[in-house]
Amino acid sequence: MLHVPASHGMTLPLPHLYERVARHVPPMEWEIISGDIQAILDLKRRRNAILLAHNYQSPEIFHTVADIVGDSLALAREAAATDADVILLAGVHFMAETAKVLNPDKVVLIPDEKAGCSLAESIRPEDVLALKAKYPGVPVVTYVNTSAAVKAVSDVCCTSGNAKKVVEALGVPRVIMIPDEYLARNIAAQTDVEIISWHGRCEVHERFTPMDIAEIRDIYPDVTVIAHPECPPDVVAASDFSGSTAEMVGFVADKRPARVALVTECSMGDNVAVHYPEIDFVKPCNLCPHMKRITLSNIRRALETMGPEVTVDPALLPGARLSVERMLAIR
């Protein structure tokens, strides 16, 4: 095992990986977690496994063991293209379900089956069918933050990064957009298409308020505020830019603000900061309790035991896959 001298006199394992997370992981903690990291790297090779990690995963996962990182759209695209035998999703359950929908013959693992999502839990297939009955002929645009069962009775999926494009690509005057109420309202403000929304909300983003933004600006007058579109519309209006996690990364990379506040899940700022040490990231963030159920130790255990394995009812696969593939076809 490779070692490198640390500033405090210790030698640290896996120095090429520690360099990526040194700002966020103390040397003593690295000594503890590096065994799991090495084991995960070895297990991935043995299993021909690919590890997909969402932007909200903590830096020690995101920057050391993940093969592909990104937002829900990026992970869906990679899941559709991979030739790995095993897909491990370091994220929440609906993401792993989406990977399984796109790869029904592959083994898809999630380290903790309880890693859920308030949006996915806010709507059921029967709710979608009731909306279709109430608004006959109006297409249903379903956020990927939903179960496979909901996707199966929808027309097309979207992410926060491509929602406007998906809505307008349908070429209709009105759509049903579920389940995130705030995302729907924020997209409605950007398009002439009438949007019928649902009352689901993200438990991370719904807690942000305009007062939070005002307080950040009082403390840091030069701050650039970037909000996720799952935030309430008045929070988005008080920000300088709003976009998906991938669009947040793109904005930072392009504009290089001296100081930035990412109004989203806490690990997002940590992961972006690794690439831009010259930028001051202030943290008006909230933790996602579901994302934080994923750890190095349970990733290792999942690869060791090949479980928990994610399954999808075969009867749901055709409809769910069609909804996702329609989204992926829209560029």
# chains A, B, ... in the order shown; residues from 1 in each chain; ligands from 1

$ residues_around --residues "Ala261 in chain A" --least-positions-apart "3" --cutoff "6 Å" --atoms "only C-alpha atoms" --output "list of chain:residue names"
A:Val225, A:Phe281, A:Val282

$ atom_distance --atom1 "CA of His24 in chain A" --atom2 "CA of Glu78 in chain A"
27.3 Å

$ atom_distance --atom1 "CA of Leu183 in chain A" --atom2 "CA of Ala163 in chain A"
8.6 Å

$ residues_around --residues "Ala273 in chain A" --least-positions-apart "5" --cutoff "10 Å" --atoms "only C-alpha atoms" --output "MDAnalysis selection string"
chainID A and resid 21 23:24 59 249 252 267:268 278:281

$ closest_atom_pairs --of "range 60-159 of chain A" --to "range 295-312 of chain A" --cutoff "9 Å" --atoms "only C-alpha atoms" --output "tab-separated table"
residue	atom	partner	partner_atom	distance
A:Glu60	CA	A:Leu296	CA	7.8
A:Ile61	CA	A:Leu296	CA	6.6
A:Val65	CA	A:Leu296	CA	8.7
A:Val86	CA	A:Met306	CA	8.9
A:Leu88	CA	A:Ile299	CA	8.0
A:Ala90	CA	A:Ile299	CA	7.7
A:His93	CA	A:Val310	CA	8.3
A:Ala96	CA	A:Val310	CA	6.8
A:Glu97	CA	A:Val310	CA	6.5
A:Lys100	CA	A:Thr311	CA	6.9
A:Val101	CA	A:Val312	CA	7.1
A:Pro104	CA	A:Val312	CA	8.1
A:Val107	CA	A:Glu309	CA	6.8
A:Val108	CA	A:Val310	CA	5.5
A:Leu109	CA	A:Glu309	CA	4.6
A:Ile110	CA	A:Pro308	CA	6.0
A:Pro111	CA	A:Ile299	CA	5.2
A:Asp112	CA	A:Asn298	CA	7.2
A:Glu113	CA	A:Pro308	CA	6.9
A:Ala148	CA	A:Val312	CA	7.3
A:Ala149	CA	A:Val312	CA	8.6

$ write_last_selection --atoms "C-alpha atoms" --output "short mmCIF file (atom, residue, chain, number, x, y, z; two decimals), in the first residue's frame"
data_model
loop_
_atom_site.label_atom_id
_atom_site.label_comp_id
_atom_site.auth_asym_id
_atom_site.auth_seq_id
_atom_site.Cartn_x
_atom_site.Cartn_y
_atom_site.Cartn_z
CA GLU A 60 -15.11 10.50 0.84
CA ILE A 61 -17.53 8.58 -1.40
CA VAL A 65 -14.68 5.24 -4.86
CA VAL A 86 -23.10 -4.89 -11.38
CA LEU A 88 -24.07 0.06 -7.27
CA ALA A 90 -24.69 5.56 -4.07
CA HIS A 93 -33.83 4.25 -3.86
CA ALA A 96 -31.38 2.62 -8.09
CA GLU A 97 -34.81 1.69 -9.43
CA LYS A 100 -32.70 -1.31 -12.81
CA VAL A 101 -35.43 -0.18 -15.22
CA PRO A 104 -33.29 -5.29 -16.08
CA VAL A 107 -27.56 -6.72 -10.74
CA VAL A 108 -28.35 -3.33 -9.20
CA LEU A 109 -27.38 -2.74 -5.58
CA ILE A 110 -28.20 -0.01 -3.09
CA PRO A 111 -26.25 0.06 0.17
CA ASP A 112 -29.29 0.97 2.29
CA GLU A 113 -32.85 0.18 1.22
CA ALA A 148 -40.87 2.93 -11.00
CA ALA A 149 -44.58 2.34 -10.43
#

$ closest_residue --among "A:Thr11, A:Ser122, A:Gln38, A:Asn103" --to "Ala76 in chain A" --atoms "only C-alpha atoms"
A:Asn103

$ closest_residue --among "A:Ile213, A:Phe94, A:Ile330, A:Arg20" --to "Lys165 in chain A" --atoms "only C-alpha atoms"
A:Ile330

$ atom_distance --atom1 "CA of Gly319 in chain A" --atom2 "CA of Thr245 in chain A"
27.1 Å

$ select_by_dssp --residues "range 100-326 of chain A" --states "helix (DSSP H, G or I)" --output "ChimeraX atom specification"
/A:100-102,120-122,125-134,148-152,163-169,181-188,205-207,210-219,233-238,245-255,266-273,291-293,296-305,314-326

$ residues_around --residues "Gly171 in chain A" --least-positions-apart "4" --cutoff "12 Å" --atoms "only C-alpha atoms" --output "ChimeraX atom specification"
/A:138-139,164-167,175,191-194

$ write_last_selection --atoms "C-alpha atoms" --output "compact mmCIF listing (two decimals), in the first residue's frame"
# COMPACT_ATOMS: atom_id res chain seq x y z
CA VAL A 138 -52.98 16.08 -20.91
CA PRO A 139 -49.52 14.42 -20.85
CA LYS A 164 -38.26 23.00 -19.29
CA LYS A 165 -36.89 21.30 -22.40
CA VAL A 166 -39.04 18.21 -21.81
CA VAL A 167 -42.18 20.26 -21.19
CA VAL A 175 -48.99 19.42 -19.11
CA THR A 191 -42.47 28.82 -20.24
CA ASP A 192 -45.78 29.60 -21.90
CA VAL A 193 -46.92 26.01 -21.39
CA GLU A 194 -49.58 25.77 -18.68

$ select_by_dssp --residues "range 78-189 of chain A" --states "strand (DSSP E or B)" --output "PyMOL selection string"
chain A and resi 86-90+107-109+140-143+156-158+174-178+180

$ write_last_selection --atoms "C-alpha atoms" --output "compact mmCIF listing (two decimals), in the first residue's frame"
# COMPACT_ATOMS: atom_id res chain seq x y z
CA VAL A 86 -23.10 -4.89 -11.38
CA ILE A 87 -24.35 -1.35 -10.78
CA LEU A 88 -24.07 0.06 -7.27
CA LEU A 89 -26.05 3.25 -6.76
CA ALA A 90 -24.69 5.56 -4.07
CA VAL A 107 -27.56 -6.72 -10.74
CA VAL A 108 -28.35 -3.33 -9.20
CA LEU A 109 -27.38 -2.74 -5.58
CA VAL A 140 -47.89 13.62 -17.52
CA VAL A 141 -44.30 14.79 -17.07
CA THR A 142 -42.86 12.94 -14.10
CA TYR A 143 -39.77 14.01 -12.21
CA VAL A 156 -42.23 11.06 -19.97
CA CYS A 157 -39.72 11.71 -17.19
CA CYS A 158 -37.66 14.82 -16.55
CA ARG A 174 -50.78 22.16 -21.09
CA VAL A 175 -48.99 19.42 -19.11
CA ILE A 176 -49.30 17.75 -15.74
CA MET A 177 -45.96 17.96 -13.92
CA ILE A 178 -45.44 15.79 -10.84
CA ASP A 180 -42.50 18.54 -7.03

$ residues_around --residues "Ser34 in chain A" --least-positions-apart "3" --cutoff "9 Å" --atoms "only C-alpha atoms" --output "PyMOL selection string"
chain A and resi 12-14+18+29-31+37-39
